[in-house]
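So this one's upload-v4.txt, compact mmCIF, C-alpha atoms:
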# COMPACT_ATOMS: atom_id res chain seq x y z
CA MET V 262 36.52 113.15 -104.60
CA SER V 263 35.15 116.20 -102.87
CA ASP V 264 36.65 117.68 -99.71
CA ILE V 265 33.63 116.46 -97.80
CA ALA V 266 34.09 112.90 -99.05
CA ASP V 267 37.77 112.97 -98.09
CA LYS V 268 37.01 114.23 -94.62
CA VAL V 269 34.21 111.69 -94.09
CA LYS V 270 36.54 108.90 -95.14
CA LYS V 271 39.22 110.10 -92.78
CA ILE V 272 36.79 110.20 -89.84
CA VAL V 273 35.58 106.69 -90.62
CA VAL V 274 39.13 105.36 -90.81
CA GLU V 275 40.03 107.03 -87.52
CA HIS V 276 36.94 105.99 -85.61
CA LEU V 277 36.58 102.44 -86.78
CA GLY V 278 40.27 101.71 -87.16
CA VAL V 279 39.77 100.19 -90.62
CA GLU V 280 42.02 100.29 -93.68
CA GLU V 281 41.42 103.23 -95.95
CA ALA V 282 40.94 100.96 -98.98
CA LYS V 283 37.92 99.37 -97.34
CA VAL V 284 36.13 102.68 -96.95
CA THR V 285 34.44 102.71 -100.35
CA PRO V 286 31.30 104.79 -100.95
CA GLU V 287 29.14 101.67 -100.90
CA ALA V 288 30.65 100.29 -97.71
CA SER V 289 28.10 99.79 -94.96
CA PHE V 290 29.36 100.83 -91.53
CA ILE V 291 27.84 97.84 -89.83
CA ASP V 292 27.98 95.10 -92.49
CA ASP V 293 31.31 95.93 -94.14
CA LEU V 294 33.29 97.98 -91.67
CA GLY V 295 32.53 96.10 -88.46
CA ALA V 296 30.79 98.93 -86.64
CA ASP V 297 28.24 98.26 -83.92
CA SER V 298 25.27 100.50 -83.18
CA LEU V 299 27.27 102.55 -80.69
CA ASP V 300 29.98 103.14 -83.31
CA THR V 301 27.40 104.53 -85.72
CA VAL V 302 26.21 106.98 -83.04
CA GLU V 303 29.81 108.01 -82.42
CA LEU V 304 30.38 108.46 -86.15
CA VAL V 305 27.34 110.67 -86.52
CA MET V 306 28.53 112.78 -83.59
CA ALA V 307 31.98 113.04 -85.16
CA PHE V 308 30.41 114.17 -88.47
CA GLU V 309 28.33 116.74 -86.63
CA GLU V 310 31.41 118.14 -84.95
CA ALA V 311 33.66 118.06 -88.03
CA PHE V 312 31.17 119.68 -90.39
CA SER V 313 29.27 121.86 -87.90
CA VAL V 314 25.97 120.36 -88.92
CA GLU V 315 23.17 118.90 -86.89
CA ILE V 316 22.01 115.44 -87.85
CA PRO V 317 18.64 114.71 -86.26
CA GLU V 318 17.89 111.23 -84.97
CA ASP V 319 15.59 110.19 -87.84
CA SER V 320 18.15 111.27 -90.46
CA ALA V 321 20.98 109.61 -88.56
CA GLU V 322 19.14 106.30 -88.67
CA LYS V 323 19.16 106.41 -92.48
CA ILE V 324 22.91 106.90 -92.73
CA ALA V 325 24.10 103.35 -93.25
CA THR V 326 26.89 103.67 -95.78
CA VAL V 327 29.81 106.01 -96.41
CA LYS V 328 27.93 107.46 -99.38
CA ASP V 329 24.84 108.11 -97.26
CA ALA V 330 26.95 110.21 -94.94
CA ILE V 331 28.66 112.14 -97.73
CA ASP V 332 25.37 112.81 -99.53
CA TYR V 333 23.66 113.96 -96.36
CA ILE V 334 26.44 116.36 -95.37
CA GLU V 335 26.80 117.73 -98.93
CA LYS V 336 23.09 118.43 -99.02
CA GLN V 337 23.20 120.19 -95.65
CA LYS V 338 26.16 122.28 -96.75
CA GLN V 339 24.46 123.30 -100.01
CA SER V 340 21.28 124.43 -98.32
CA ALA V 341 23.18 126.28 -95.63
CA MET L 208 45.75 95.18 -55.88
CA PHE L 209 43.42 98.07 -56.57
CA ARG L 210 46.24 100.38 -57.69
CA LEU L 211 45.25 103.46 -59.64
CA ASP L 212 48.64 104.72 -60.77
CA GLY L 213 48.46 107.08 -63.73
CA LYS L 214 44.72 107.54 -63.44
CA VAL L 215 42.96 110.87 -63.06
CA ALA L 216 39.75 111.11 -61.07
CA LEU L 217 37.18 113.84 -60.62
CA VAL L 218 35.36 113.81 -57.29
CA THR L 219 32.41 116.15 -56.93
CA GLY L 220 31.39 117.31 -53.48
CA ALA L 221 35.01 116.97 -52.39
CA SER L 222 34.68 119.52 -49.61
CA GLY L 223 32.31 117.20 -47.73
CA GLY L 224 33.37 114.38 -45.42
CA ILE L 225 32.68 111.48 -47.76
CA GLY L 226 34.10 113.31 -50.77
CA GLN L 227 37.34 114.06 -48.91
CA ALA L 228 37.71 110.46 -47.83
CA ILE L 229 37.13 109.25 -51.40
CA ALA L 230 39.76 111.65 -52.75
CA LYS L 231 42.21 110.55 -50.06
CA ALA L 232 41.69 106.86 -50.80
CA LEU L 233 42.08 107.30 -54.56
CA ILE L 234 45.29 109.28 -54.08
CA ALA L 235 46.61 106.62 -51.71
CA GLN L 236 46.23 104.14 -54.58
CA GLY L 237 48.25 106.37 -56.91
CA ALA L 238 45.57 108.40 -58.68
CA LYS L 239 45.57 112.14 -59.20
CA VAL L 240 42.34 113.79 -58.18
CA VAL L 241 40.45 116.90 -59.19
CA LEU L 242 38.56 118.13 -56.14
CA SER L 243 35.34 119.83 -57.08
CA GLY L 244 33.11 121.66 -54.66
CA THR L 245 31.55 124.99 -53.87
CA ARG L 246 33.75 126.06 -50.97
CA GLU L 247 37.18 127.04 -52.22
CA ASN L 248 38.73 127.59 -48.79
CA ILE L 249 37.83 124.08 -47.65
CA LEU L 250 38.99 122.57 -50.95
CA LYS L 251 42.34 124.27 -50.43
CA GLU L 252 42.66 122.75 -46.97
CA VAL L 253 41.81 119.34 -48.39
CA GLN L 254 44.34 119.82 -51.17
CA GLU L 255 47.06 120.63 -48.61
CA LYS L 256 46.21 117.54 -46.56
CA LEU L 257 46.29 115.28 -49.60
CA GLY L 258 49.74 116.25 -50.81
CA GLY L 259 49.27 119.56 -52.60
CA GLU L 260 49.13 120.51 -56.27
CA GLU L 261 50.96 117.47 -57.49
CA LYS L 262 48.30 115.07 -56.27
CA ALA L 263 45.15 117.17 -56.15
CA LYS L 264 43.83 120.13 -58.08
CA ILE L 265 40.88 122.30 -57.28
CA GLN L 266 37.92 123.08 -59.48
CA VAL L 267 35.31 125.25 -57.84
CA ALA L 268 31.90 124.54 -59.34
CA ASN L 269 28.35 125.42 -58.50
CA LEU L 270 26.30 122.43 -59.61
CA THR L 271 23.02 124.31 -59.43
CA ASP L 272 24.24 126.31 -62.42
CA SER L 273 24.00 124.48 -65.75
CA GLU L 274 26.88 126.34 -67.35
CA SER L 275 29.09 125.45 -64.44
CA VAL L 276 28.05 121.79 -64.85
CA ALA L 277 28.75 121.79 -68.60
CA ALA L 278 32.22 123.26 -68.04
CA LEU L 279 33.28 121.02 -65.16
CA ILE L 280 34.68 118.04 -67.08
CA PRO L 281 36.57 120.02 -69.77
CA SER L 282 38.06 122.43 -67.22
CA SER L 283 39.02 119.57 -64.90
CA GLU L 284 40.77 117.79 -67.78
CA GLU L 285 42.84 120.92 -68.38
CA LEU L 286 44.10 121.00 -64.80
CA PHE L 287 46.27 117.90 -65.07
CA GLY L 288 46.39 118.07 -68.87
CA ALA L 289 44.92 114.58 -68.89
CA PRO L 290 41.48 113.09 -69.43
CA ILE L 291 39.23 112.03 -66.57
CA ASP L 292 39.41 108.25 -66.17
CA ILE L 293 37.32 108.03 -63.02
CA LEU L 294 34.24 110.15 -62.36
CA VAL L 295 32.84 110.03 -58.85
CA ASN L 296 29.46 111.73 -58.65
CA ASN L 297 29.42 112.33 -54.94
CA ALA L 298 27.96 115.85 -54.63
CA GLY L 299 24.43 115.94 -53.35
CA LEU L 300 22.14 117.95 -51.19
CA THR L 301 19.01 117.43 -49.13
CA ARG L 302 15.88 119.50 -48.59
CA ASP L 303 14.15 117.28 -46.05
CA THR L 304 10.53 117.81 -45.22
CA LEU L 305 7.33 115.77 -45.20
CA ALA L 306 5.65 115.42 -48.59
CA LEU L 307 2.66 117.42 -47.36
CA ARG L 308 4.90 120.39 -46.73
CA MET L 309 7.28 120.02 -49.65
CA LYS L 310 7.65 123.02 -51.89
CA ASP L 311 8.14 122.60 -55.62
CA THR L 312 11.61 124.09 -55.35
CA ASP L 313 12.61 121.61 -52.62
CA TRP L 314 11.62 118.79 -54.92
CA GLN L 315 13.18 120.21 -58.07
CA THR L 316 16.48 121.34 -56.55
CA VAL L 317 17.18 117.89 -55.10
CA LEU L 318 16.22 116.13 -58.34
CA ASP L 319 18.40 118.53 -60.33
CA VAL L 320 21.54 118.35 -58.23
CA ASP L 321 21.34 114.73 -57.07
CA LEU L 322 20.13 113.13 -60.31
CA SER L 323 20.31 115.40 -63.37
CA VAL L 324 23.82 116.65 -62.62
CA PRO L 325 25.35 113.13 -62.31
CA PHE L 326 23.66 112.25 -65.60
CA LYS L 327 24.95 115.35 -67.34
CA LEU L 328 28.51 114.89 -66.05
CA SER L 329 28.45 111.22 -67.05
CA GLN L 330 27.14 112.11 -70.50
CA ILE L 331 30.02 114.51 -71.05
CA ALA L 332 32.66 112.23 -69.53
CA ILE L 333 31.75 109.14 -71.57
CA LYS L 334 32.51 110.83 -74.87
CA GLY L 335 36.21 110.76 -74.12
CA MET L 336 36.04 107.48 -72.21
CA MET L 337 34.45 105.75 -75.21
CA ARG L 338 37.27 106.89 -77.47
CA ARG L 339 39.85 105.70 -74.97
CA ARG L 340 37.97 102.46 -74.32
CA TYR L 341 38.32 102.94 -70.61
CA GLY L 342 36.39 104.63 -67.84
CA ARG L 343 34.92 104.31 -64.38
CA ILE L 344 31.79 106.09 -63.27
CA ILE L 345 30.84 105.72 -59.64
CA ASN L 346 27.65 107.31 -58.40
CA ILE L 347 27.11 107.82 -54.70
CA ALA L 348 23.47 107.06 -53.90
CA SER L 349 21.99 106.20 -50.51
CA ILE L 350 20.28 103.38 -48.67
CA VAL L 351 17.11 105.50 -48.70
CA GLY L 352 16.99 105.26 -52.51
CA VAL L 353 16.04 101.61 -51.95
CA THR L 354 14.33 101.57 -48.55
CA GLY L 355 12.68 104.99 -48.56
CA ASN L 356 12.73 107.39 -45.63
CA ALA L 357 10.00 109.62 -44.25
CA GLY L 358 10.85 113.24 -44.87
CA GLN L 359 12.97 112.46 -47.91
CA THR L 360 10.61 111.84 -50.83
CA ASN L 361 12.73 114.09 -53.02
CA TYR L 362 16.11 112.71 -51.93
CA SER L 363 15.07 109.05 -52.09
CA ALA L 364 13.49 109.59 -55.52
CA ALA L 365 16.72 111.15 -56.79
CA LYS L 366 18.88 108.37 -55.31
CA ALA L 367 16.62 105.61 -56.67
CA GLY L 368 16.77 107.39 -60.01
CA LEU L 369 20.54 107.40 -59.83
CA ILE L 370 20.53 103.62 -59.45
CA GLY L 371 18.24 103.15 -62.48
CA MET L 372 20.22 105.64 -64.55
CA SER L 373 23.46 103.87 -63.71
CA LYS L 374 22.10 100.52 -64.87
CA SER L 375 20.91 101.84 -68.22
CA LEU L 376 24.12 103.74 -68.82
CA ALA L 377 26.14 100.69 -67.84
CA LEU L 378 24.31 98.66 -70.51
CA GLU L 379 24.90 101.28 -73.17
CA ILE L 380 28.65 101.55 -72.73
CA ALA L 381 29.77 98.22 -71.26
CA SER L 382 31.29 97.18 -74.60
CA ARG L 383 33.64 100.17 -74.44
CA GLY L 384 35.45 99.18 -71.27
CA ILE L 385 33.52 101.67 -69.16
CA THR L 386 31.83 100.54 -65.98
CA VAL L 387 29.07 102.41 -64.18
CA ASN L 388 28.34 101.47 -60.59
CA VAL L 389 26.71 102.81 -57.48
CA VAL L 390 27.78 102.92 -53.86
CA ALA L 391 24.83 103.26 -51.48
CA PRO L 392 25.92 104.34 -48.01
CA GLY L 393 23.87 103.75 -44.88
CA PHE L 394 24.23 105.98 -41.83
CA ILE L 395 27.66 107.55 -41.84
CA GLU L 396 29.34 109.38 -38.99
CA THR L 397 29.46 113.03 -40.00
CA ALA L 398 29.41 116.43 -38.38
CA MET L 399 25.63 116.22 -38.57
CA THR L 400 25.22 112.87 -36.83
CA ASP L 401 27.70 113.94 -34.15
CA GLN L 402 25.08 116.32 -32.92
CA LEU L 403 22.47 113.64 -32.31
CA ALA L 404 21.37 113.21 -28.73
CA GLU L 405 22.67 110.07 -27.04
CA ALA L 406 19.18 108.54 -26.96
CA GLN L 407 18.69 109.13 -30.69
CA ARG L 408 22.08 107.67 -31.35
CA GLU L 409 21.31 104.53 -29.36
CA LYS L 410 18.09 104.06 -31.29
CA LEU L 411 19.87 104.40 -34.59
CA LEU L 412 22.57 101.93 -33.58
CA GLU L 413 19.95 99.33 -32.71
CA LYS L 414 19.11 99.16 -36.38
CA ILE L 415 22.69 98.54 -37.47
CA PRO L 416 23.79 94.90 -37.02
CA CYS L 417 27.48 95.87 -37.11
CA SER L 418 26.60 98.12 -34.14
CA ARG L 419 28.49 101.18 -35.15
CA MET L 420 27.91 104.09 -37.46
CA GLY L 421 29.61 103.97 -40.82
CA LYS L 422 32.88 105.79 -41.32
CA VAL L 423 33.61 107.84 -44.39
CA GLU L 424 36.51 105.45 -45.02
CA ASP L 425 34.03 102.57 -45.37
CA ILE L 426 32.51 104.37 -48.34
CA ALA L 427 35.87 105.41 -49.77
CA ALA L 428 37.05 101.79 -49.77
CA ALA L 429 34.01 100.70 -51.80
CA VAL L 430 34.62 103.47 -54.32
CA THR L 431 38.29 102.54 -54.59
CA TYR L 432 37.41 98.95 -55.39
CA LEU L 433 34.91 99.94 -58.10
CA ALA L 434 37.47 102.35 -59.58
CA SER L 435 40.13 99.66 -59.85
CA ASP L 436 41.02 97.45 -62.79
CA GLU L 437 40.15 94.47 -60.61
CA ALA L 438 36.49 95.54 -60.76
CA GLN L 439 36.35 95.54 -64.56
CA TRP L 440 33.70 92.80 -64.62
CA VAL L 441 31.42 94.64 -62.22
CA THR L 442 29.02 97.05 -63.88
CA GLY L 443 25.50 98.29 -63.28
CA SER L 444 25.66 97.12 -59.71
CA THR L 445 24.94 98.84 -56.44
CA LEU L 446 27.29 98.17 -53.58
CA HIS L 447 25.43 98.67 -50.31
CA VAL L 448 27.69 99.78 -47.49
CA ASN L 449 25.48 100.05 -44.46
CA GLY L 450 26.70 97.81 -41.64
CA GLY L 451 24.00 95.27 -42.41
CA MET L 452 21.14 97.68 -41.84
CA ALA L 453 19.44 96.67 -45.09
CA MET L 454 20.49 93.51 -46.89
CA ILE L 455 19.46 94.20 -50.45
For the file at hand, write its structure as structure tokens.
Amino acid sequence: MSDIADKVKKIVVEHLGVEEAKVTPEASFIDDLGADSLDTVELVMAFEEAFSVEIPEDSAEKIATVKDAIDYIEKQKQSA
Amino acid sequence: MFRLDGKVALVTGASGGIGQAIAKALIAQGAKVVLSGTRENILKEVQEKLGGEEKAKIQVANLTDSESVAALIPSSEELFGAPIDILVNNAGLTRDTLALRMKDTDWQTVLDVDLSVPFKLSQIAIKGMMRRRYGRIINIASIVGVTGNAGQTNYSAAKAGLIGMSKSLALEIASRGITVNVVAPGFIETAMTDQLAEAQREKLLEKIPCSRMGKVEDIAAAVTYLASDEAQWVTGSTLHVNGGMAMI
């Protein structure tokens, strides 16, 4: 797993208070990890802070799973 | 009941009469309070009266300056080395004049300081409150935000806006243990109303069923209640404290 994936996983575990084993790439924040809509906003803000990226509203809406988040941040980091 | 031991509060406009009374009441219930205001010398006097450094710290801030606003919460949290649990948006100003004569700056300044600043401070404060699953935001509005008042189109618009903003914010963060409420004072005895002529005073009193002017302590008591754990099921509401002048 990449550094970014590790860090994303860690943030998700911290913010949602879920077991690390549950945070698989396919896990949906809302359906599998028990997040509500406010949690997803908080997660996006935590990602923004941790990776120094800006995630605009329309992109944030598309981040539904752990993999979505990792892919998005990796792409941002590559183009930076 | 209504104890606030271990809690840290930030009160803006703490050099004014109502702000001082709020700070005093919160401290009496066991809270520590950051006193924010523009006038450092007055804040220091207030700090002395309220029990010194241990109970109250001073954070001078000019709320017409956006950088000063952005820095207020983080710098206040450093003072006691603890997060702000209770935010009391009490600072406000007036630029009274009839609408016909109102300058753009009179309108904008009042909207900025009395409405945009409380929003901005709340926005910053809730980030930490959401993580901690606890918070109290209490916005000081005014009776005129609901009833209107000639000569105060700007002020009443800002105060009405504060009530609407508080409701929406309350809805957004209720699930995180954070309440957002409003206290709307009526006519309060202050240095300004002391100067009213006896005839003016009589006229004003006729409109107040409790037949006295409000005291700053009347407002402070309402704030204390809303700040307490006992008020955890009260959010998005406006507590009118006006001696019965407007029953809304």
If you measure from atom CA of Leu322 of chain L to atom CA of Gly368 of chain L, what distance in Å do you get, rounded to one decimal? 6.7 Å
Find the residues near segment 266-274 of chain L: any atom within 7 Å, counting all atoms listed in the file, skip ones fewer than 2 places away on the same chain, and give them as a PDB file with C-alpha atoms, in the coordinates of the input.
ATOM      1  CA  VAL L 241      40.450 116.900 -59.190  1.00  0.00           C
ATOM      2  CA  LEU L 242      38.560 118.130 -56.140  1.00  0.00           C
ATOM      3  CA  SER L 243      35.340 119.830 -57.080  1.00  0.00           C
ATOM      4  CA  GLY L 244      33.110 121.660 -54.660  1.00  0.00           C
ATOM      5  CA  THR L 245      31.550 124.990 -53.870  1.00  0.00           C
ATOM      6  CA  GLU L 247      37.180 127.040 -52.220  1.00  0.00           C
ATOM      7  CA  LYS L 264      43.830 120.130 -58.080  1.00  0.00           C
ATOM      8  CA  VAL L 276      28.050 121.790 -64.850  1.00  0.00           C
ATOM      9  CA  ALA L 277      28.750 121.790 -68.600  1.00  0.00           C
ATOM     10  CA  ALA L 278      32.220 123.260 -68.040  1.00  0.00           C
ATOM     11  CA  LEU L 279      33.280 121.020 -65.160  1.00  0.00           C
ATOM     12  CA  SER L 283      39.020 119.570 -64.900  1.00  0.00           C
ATOM     13  CA  VAL L 320      21.540 118.350 -58.230  1.00  0.00           C
ATOM     14  CA  VAL L 324      23.820 116.650 -62.620  1.00  0.00           C
TER      15      VAL L 324
END
Between V:Asp267, V:Glu275, V:Glu287, V:Glu318, smallest distance to chain L by all atoms listed in the file belongs to V:Glu275
If you count all atoms listed in the file, which residues fall within 9 Å of Thr326 of chain V, apart from same-chain ones fewer than 5 positions away, as a list in words? Thr285, Pro286, Glu287, Ala288, Ser289, Phe290, Ile291 and Ile331 of chain V
Restricting the output to C-alpha atoms, write the selected residues as a JSON list (two decimals), keeping the file's coordinate frame.
[["chain", "number", "residue", "atom", "x", "y", "z"],
["V", 285, "THR", "CA", 34.44, 102.71, -100.35],
["V", 286, "PRO", "CA", 31.30, 104.79, -100.95],
["V", 287, "GLU", "CA", 29.14, 101.67, -100.90],
["V", 288, "ALA", "CA", 30.65, 100.29, -97.71],
["V", 289, "SER", "CA", 28.10, 99.79, -94.96],
["V", 290, "PHE", "CA", 29.36, 100.83, -91.53],
["V", 291, "ILE", "CA", 27.84, 97.84, -89.83],
["V", 331, "ILE", "CA", 28.66, 112.14, -97.73]]
note - atom CA of Asp293 of chain V and atom CA of Glu280 of chain V are separated by 11.6 Å
Chain V residues within 9 Å of chain L, counting all atoms listed in the file: which ones, as a list in words?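 Here is what falls inside 9 Å: His276, Leu299 and Glu303 of chain V.
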Residues near segment 443-453 of chain L, anyone? I mean within 8 Å using only C-alpha atoms, not counting same-chain ones fewer than 3 positions away, as a ChimeraX atom specification. /L:350,354,370,373-378,386-394,414-421,425-426,429
Please measure the separation of atom CA of Val430 of chain L and atom CA of Ser275 of chain L, giving the value in Å to one decimal.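 Computing it gives 24.8 Å between the two atoms.
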Local residues around (24.5, 115.9, -88.6), at most 10 Å away, using all atoms listed in the file, as a PyMOL selection string: chain V and resi 304-318+320-321+330+333-334+337
Output of the above residues as a compact mmCIF listing (two decimals), in the frame of the given file, restricted to C-alpha atoms:
# COMPACT_ATOMS: atom_id res chain seq x y z
CA LEU V 304 30.38 108.46 -86.15
CA VAL V 305 27.34 110.67 -86.52
CA MET V 306 28.53 112.78 -83.59
CA ALA V 307 31.98 113.04 -85.16
CA PHE V 308 30.41 114.17 -88.47
CA GLU V 309 28.33 116.74 -86.63
CA GLU V 310 31.41 118.14 -84.95
CA ALA V 311 33.66 118.06 -88.03
CA PHE V 312 31.17 119.68 -90.39
CA SER V 313 29.27 121.86 -87.90
CA VAL V 314 25.97 120.36 -88.92
CA GLU V 315 23.17 118.90 -86.89
CA ILE V 316 22.01 115.44 -87.85
CA PRO V 317 18.64 114.71 -86.26
CA GLU V 318 17.89 111.23 -84.97
CA SER V 320 18.15 111.27 -90.46
CA ALA V 321 20.98 109.61 -88.56
CA ALA V 330 26.95 110.21 -94.94
CA TYR V 333 23.66 113.96 -96.36
CA ILE V 334 26.44 116.36 -95.37
CA GLN V 337 23.20 120.19 -95.65
Excluding Ala266 of chain V and any residue of its chain fewer than 4 positions from it, enumerate the residues within 9 Å of it, using all atoms listed in the file, and give them as a list in words.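 Near Ala266 of chain V, the qualifying residues are Met262, Lys270, Lys271, Pro286, Val327, Lys328, Ala330, Ile331, Asp332 and Glu335 of chain V.
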Anything within 10 Å of (37.0, 104.8, -51.6): list those residues as a PyMOL selection string, counting only C-alpha atoms and sticking to the file's coordinates. chain L and resi 225-236+295+390+423-434
Restricting to all atoms listed in the file, whichever of L:Gly352, L:Gly358, L:Gly213, L:Gly371 is closest to Ala306 of chain L is L:Gly358
So, with all atoms listed in the file as the atoms that count, which of V:Ile265, V:Ala325, V:Lys338, V:Val274 lies closest to Asp292 of chain V?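 Checking each of V:Ile265, V:Ala325, V:Lys338, V:Val274 against Asp292 of chain V, counting all atoms listed in the file, the winner is V:Ala325.
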